[in-house]
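Asks: First, the structure itself, so that you have it in front of you.
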Amino acid sequence: MTSTAQPPKSGARTAHPDHLGHVIFIAAAAAMGGFLFGYDSSVINGAVEAIRGRYDIGSAALAQVIAIALIGCAIGAATAGRIADRIGRIRCMQISAVLFTVSAVGSALPFALWDLAFWRIVGGFAIGMASVIGPAYIAEVAPPAYRGRLGSFQQAAIVIGIAISQLVNWGLLNAAGGDQRGELMGLEAWQVMLGVMVIPAVLYGLLSFAIPESPRFLISVGKHERAREILKEVEGDKVNLDARVAEIEHAMSSEHRSTFKDLLGGGFFFKPIVWVGIGLSVFQQFVGINVAFYYSSTLWQSVGVDPTDSFFYSFTTSIINIVGTVIAMIFVDRVGRKPLALIGSVGMVIGLGLEAWAFSFDLVDGKLPAAQGWTALIAAHVFVLFFALSWGVVVWVFLGEMFPNRIRAAALGVAASAQWIANWAITASFPSLADWNLSATYVIYTVFAALSIPFVLKYVKETKGKALEEMG
């Protein structure tokens, strides 16, 4: 029978590491998986029209090739929690890095369309794993006082990955004379764009050897002394290490390895907290954010923007994305997660609504009228800014924090898997929806942004400043 006596207070809630720079390095290295997630998500933007031309396919088939990676993401996310509980967080990162590397090489050298789709699934599986392991690992090693800011590294890495991929794509496109299918290094330009991801993939693998295992995982497998060393390293000398280990052990005392079955709250339904996590994930995607990164060049070209300029506009959107993420990193531990989410939702409704209005006008000589064109461009940047300073960061922070210890890994896996399925639904449907009615498509995204407001107000609880062991 397990003791229910509370362990002595460790002082973890107010802990400050002796070497904050080292803790920042650990979080940044773990967030490198987020960089790869962002890079892979956006790099395909530079290849969309080239793939359409190379394989002579329509919008629906093209969307499936672009979106199929997200099926791999969903599978990777759903299984990563269990894998991490068995072999550790660091080994999971290393497996993900190997799959990223193999996928980059395969995607750059496809024999046929099916071959390209297969390598995108492999890369997707790696992204799915990294999307779960990054936030979970950072939440487990970060001192509570810094956890929001360090947890936001995941999203910061994602948006930097997006920006770097678009900058690299723009450089390669110019090197190939503005033609996505122009020759570059013996290949077509779009193939080089996909192959460049080998570099950050290898770096991610190397960094995983330079950071420690999660103390919670070490305690779960009986390696208490090593866990104490890491807790001292990341939380500082002033923490009562014996009490801290006892605190974690107490929180894990009635635990077994979390499984899908543990998430059920009676009958076939999930526990309410799991549904909240799924809801956060779905709303994050159903506002259409990834349309801005998978299809932005194609979107701007469809309303009359020159191909090279469209890549430049995509890059400026990424810069706005980074600015918004920095704002979120500054305020997530000061203002809190929930207020930021609400501010972001209101801003996204305004940006998306203006885009829907602008795209409702007919093209004149293949372009939007000047007023509507500028409105669409500015509104797109407003939307991305408000997403980045809110939902882009706080959802990852929430998912790393909100679940009780007993179900954290499995619940995070289900929530992240739901996020990838929602991402797939938006990515696969956008080309056909845009062909049908671009303005109405943006009205749909606006409605989801509006619905996120009552969802947050009613169902989402603030997690700012709480130790993970307090979640319940």
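Identifiers in the structure tokens: chain A, B, ... in order shown; residue index from 1 per chain; ligand index from 1 in order shown.
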From a DSSP pass on the backbone, collect the residues of segment 54-243 of chain A flagged as strand (DSSP E or B) and hand them back as an mmCIF file with all heavy atoms, in the first residue's frame.

Replies:
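Saved result, selection_10.cif, follows:
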data_model
loop_
_atom_site.group_PDB
_atom_site.id
_atom_site.type_symbol
_atom_site.label_atom_id
_atom_site.label_comp_id
_atom_site.auth_asym_id
_atom_site.auth_seq_id
_atom_site.Cartn_x
_atom_site.Cartn_y
_atom_site.Cartn_z
ATOM 1 N N GLU A 183 18.190 24.212 -62.575
ATOM 2 C CA GLU A 183 19.265 23.308 -62.148
ATOM 3 C C GLU A 183 20.143 23.961 -61.085
ATOM 4 O O GLU A 183 20.521 25.127 -61.181
ATOM 5 C CB GLU A 183 20.134 22.895 -63.348
ATOM 6 C CG GLU A 183 21.153 21.830 -62.968
ATOM 7 C CD GLU A 183 21.952 21.305 -64.154
ATOM 8 O OE1 GLU A 183 21.455 21.399 -65.297
ATOM 9 O OE2 GLU A 183 23.074 20.818 -63.933
ATOM 10 N N LEU A 184 20.447 23.186 -60.054
ATOM 11 C CA LEU A 184 21.269 23.661 -58.950
ATOM 12 C C LEU A 184 22.004 22.456 -58.372
ATOM 13 O O LEU A 184 21.392 21.487 -57.937
ATOM 14 C CB LEU A 184 20.372 24.300 -57.880
ATOM 15 C CG LEU A 184 20.979 25.349 -56.951
ATOM 16 C CD1 LEU A 184 21.503 26.541 -57.727
ATOM 17 C CD2 LEU A 184 19.928 25.810 -55.946
ATOM 18 N N LEU A 187 20.893 19.039 -59.425
ATOM 19 C CA LEU A 187 19.506 18.676 -59.127
ATOM 20 C C LEU A 187 18.592 19.842 -59.476
ATOM 21 O O LEU A 187 19.067 20.930 -59.807
ATOM 22 C CB LEU A 187 19.352 18.339 -57.628
ATOM 23 C CG LEU A 187 20.193 17.197 -57.067
ATOM 24 C CD1 LEU A 187 20.094 17.177 -55.537
ATOM 25 C CD2 LEU A 187 19.727 15.853 -57.638
ATOM 26 N N GLU A 188 17.279 19.616 -59.383
ATOM 27 C CA GLU A 188 16.350 20.732 -59.506
ATOM 28 C C GLU A 188 16.360 21.490 -58.179
ATOM 29 O O GLU A 188 16.579 20.901 -57.112
ATOM 30 C CB GLU A 188 14.946 20.231 -59.848
ATOM 31 C CG GLU A 188 14.872 19.616 -61.238
ATOM 32 C CD GLU A 188 13.445 19.256 -61.662
ATOM 33 O OE1 GLU A 188 12.501 19.542 -60.897
ATOM 34 O OE2 GLU A 188 13.285 18.682 -62.756
#

Asks: Contacts of segment 434-439 of chain A at 6 Å or less, counting only C-alpha atoms, minus same-chain residues fewer than 5 places along, as a count of residues only?

Replies: 3

Asks: My list of candidates is A:Ile164, A:Ile248, A:Val326, A:Ile453. Which is closest to Val346 of chain A when distances are computed with only C-alpha atoms?

Replies: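 Under the stated criterion, the closest residue is A:Ile453.
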
Asks: Got a sec: who's within 7 Å of Arg89 of chain A, counting only C-alpha atoms, leaving out chain neighbours fewer than 2 positions off, as JSON, numbers by chain?

Replies: {"A": [84, 91, 92, 93, 133, 137, 213, 214]}

Asks: Would you put the residues from that selection into a file with all heavy atoms, as a JSON list (two decimals), in the first residue's frame?

Replies:
[["chain", "number", "residue", "atom", "x", "y", "z"],
["A", 84, "ALA", "N", 9.18, 7.09, -25.02],
["A", 84, "ALA", "CA", 9.99, 7.88, -24.09],
["A", 84, "ALA", "C", 9.94, 7.30, -22.68],
["A", 84, "ALA", "O", 10.92, 7.35, -21.94],
["A", 84, "ALA", "CB", 9.49, 9.33, -24.08],
["A", 91, "ARG", "N", 17.05, 9.19, -25.79],
["A", 91, "ARG", "CA", 17.07, 8.18, -26.85],
["A", 91, "ARG", "C", 16.00, 8.47, -27.90],
["A", 91, "ARG", "O", 16.20, 8.26, -29.09],
["A", 91, "ARG", "CB", 16.86, 6.78, -26.27],
["A", 91, "ARG", "CG", 18.05, 6.26, -25.49],
["A", 91, "ARG", "CD", 19.18, 5.81, -26.45],
["A", 91, "ARG", "NE", 20.36, 5.40, -25.71],
["A", 91, "ARG", "CZ", 21.36, 6.19, -25.40],
["A", 91, "ARG", "NH1", 21.34, 7.47, -25.75],
["A", 91, "ARG", "NH2", 22.41, 5.73, -24.72],
["A", 92, "CYS", "N", 14.86, 8.96, -27.44],
["A", 92, "CYS", "CA", 13.78, 9.33, -28.37],
["A", 92, "CYS", "C", 14.24, 10.44, -29.32],
["A", 92, "CYS", "O", 13.97, 10.39, -30.52],
["A", 92, "CYS", "CB", 12.59, 9.84, -27.56],
["A", 92, "CYS", "SG", 11.10, 8.88, -27.80],
["A", 93, "MET", "N", 14.92, 11.44, -28.77],
["A", 93, "MET", "CA", 15.44, 12.53, -29.61],
["A", 93, "MET", "C", 16.43, 12.00, -30.64],
["A", 93, "MET", "O", 16.42, 12.44, -31.80],
["A", 93, "MET", "CB", 16.14, 13.57, -28.72],
["A", 93, "MET", "CG", 15.23, 14.34, -27.80],
["A", 93, "MET", "SD", 16.20, 15.54, -26.81],
["A", 93, "MET", "CE", 15.01, 15.95, -25.54],
["A", 133, "ILE", "N", 8.28, 15.06, -27.41],
["A", 133, "ILE", "CA", 9.42, 14.93, -26.51],
["A", 133, "ILE", "C", 9.97, 16.29, -26.09],
["A", 133, "ILE", "O", 10.33, 16.50, -24.93],
["A", 133, "ILE", "CB", 10.54, 14.08, -27.16],
["A", 133, "ILE", "CG1", 10.03, 12.68, -27.42],
["A", 133, "ILE", "CG2", 11.78, 14.04, -26.27],
["A", 133, "ILE", "CD1", 9.39, 12.01, -26.21],
["A", 137, "TYR", "N", 10.10, 17.10, -22.19],
["A", 137, "TYR", "CA", 11.45, 17.11, -21.61],
["A", 137, "TYR", "C", 11.75, 18.47, -20.96],
["A", 137, "TYR", "O", 12.23, 18.54, -19.83],
["A", 137, "TYR", "CB", 12.49, 16.80, -22.70],
["A", 137, "TYR", "CG", 13.92, 16.96, -22.23],
["A", 137, "TYR", "CD1", 14.58, 15.92, -21.59],
["A", 137, "TYR", "CD2", 14.62, 18.15, -22.44],
["A", 137, "TYR", "CE1", 15.89, 16.06, -21.15],
["A", 137, "TYR", "CE2", 15.92, 18.30, -22.01],
["A", 137, "TYR", "CZ", 16.56, 17.25, -21.37],
["A", 137, "TYR", "OH", 17.86, 17.40, -20.94],
["A", 213, "GLU", "N", 19.61, 13.36, -19.19],
["A", 213, "GLU", "CA", 18.29, 12.72, -19.21],
["A", 213, "GLU", "C", 17.36, 13.42, -18.22],
["A", 213, "GLU", "O", 17.82, 14.06, -17.26],
["A", 213, "GLU", "CB", 18.44, 11.23, -18.86],
["A", 213, "GLU", "CG", 17.16, 10.41, -18.90],
["A", 213, "GLU", "CD", 16.41, 10.51, -20.23],
["A", 213, "GLU", "OE1", 16.73, 9.75, -21.15],
["A", 213, "GLU", "OE2", 15.52, 11.37, -20.33],
["A", 214, "SER", "N", 16.07, 13.31, -18.42],
["A", 214, "SER", "CA", 15.08, 13.90, -17.52],
["A", 214, "SER", "C", 15.18, 13.26, -16.13],
["A", 214, "SER", "O", 15.19, 12.03, -16.01],
["A", 214, "SER", "CB", 13.67, 13.67, -18.07],
["A", 214, "SER", "OG", 12.71, 13.73, -17.05]]

Asks: Given only C-alpha atoms as the basis, pick out the residue of A:Arg82, A:Leu457, A:Ser96, A:Leu172 nearest to Trp190 of chain A.

Replies: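 Between A:Arg82, A:Leu457, A:Ser96, A:Leu172, the residue approaching Trp190 of chain A most closely is A:Leu172.
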
Asks: May I have all residues of segment 309-469 of chain A that DSSP, computed from the backbone, assigns to alpha helix (DSSP H), given as number ranges by chain?

Replies: A: 309-331, 337-358, 370-388, 391-401, 408-459

Asks: Nearest to Ser281 of chain A: which of A:Trp420, A:Phe403, A:Phe153, A:Phe361 is it, counting only C-alpha atoms?

Replies: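 Going through A:Trp420, A:Phe403, A:Phe153, A:Phe361 one by one, the smallest distance to Ser281 of chain A is for A:Trp420.
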
Asks: List as a PyMOL selection string the protein and nucleic acid residues near Gly46 of chain A, meaning an atom at most 8 Å away when only C-alpha atoms are counted, but skip any in the same chain fewer than 3 places from it.

Replies: chain A and resi 42-43+49+166+169+180+190+193+297+311

Asks: Check which residues of segment 14-63 of chain A sit at most 9 Å from segment 197-205 of chain A using only C-alpha atoms, and return one row each with the closest pair of atoms and their distance in Å to one decimal, ordered by chain and rising number, as a tab-separated table.

Replies:
residue	atom	partner	partner_atom	distance
A:Ala29	CA	A:Tyr204	CA	7.2
A:Ala30	CA	A:Tyr204	CA	8.1
A:Ala31	CA	A:Tyr204	CA	9.0
A:Met32	CA	A:Tyr204	CA	5.8
A:Gly33	CA	A:Tyr204	CA	6.7
A:Phe35	CA	A:Pro200	CA	8.0
A:Leu36	CA	A:Pro200	CA	6.8
A:Tyr39	CA	A:Met197	CA	7.5
A:Asp40	CA	A:Met197	CA	7.5
A:Val43	CA	A:Met197	CA	8.7

Asks: Write out the residues from the selection above, keeping C-alpha atoms, as a compact mmCIF listing (two decimals), in the first residue's frame.

Replies:
# COMPACT_ATOMS: atom_id res chain seq x y z
CA ALA A 29 19.09 21.81 -27.49
CA ALA A 30 15.85 19.92 -26.75
CA ALA A 31 13.90 22.53 -28.74
CA MET A 32 16.08 21.80 -31.82
CA GLY A 33 13.40 19.24 -32.68
CA PHE A 35 13.44 23.88 -35.35
CA LEU A 36 13.27 20.80 -37.57
CA TYR A 39 11.92 23.89 -41.14
CA ASP A 40 10.19 20.82 -42.57
CA VAL A 43 10.48 24.08 -46.69

Asks: Report as a PyMOL selection string all protein, DNA and RNA residues lying within 7 Å of Ala77 of chain A, evaluated on only C-alpha atoms, omitting residues in the same chain fewer than 5 positions from it.

Replies: chain A and resi 128-129+131-132+413+416-417

Asks: Would you mind listing what lies within 12 Å of segment 223-229 of chain A as a PyMOL selection string, with only C-alpha atoms counted and same-chain residues fewer than 6 positions away left out?

Replies: chain A and resi 140-141+212-217+235-237+239-246+248-249

Asks: Name the closest residue to Leu342 of chain A among the candidates A:Arg406, A:Lys458, A:Arg149, A:His381; distances are taken between atoms, counting only C-alpha atoms.

Replies: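 Closest residue, counting only C-alpha atoms: A:Lys458.
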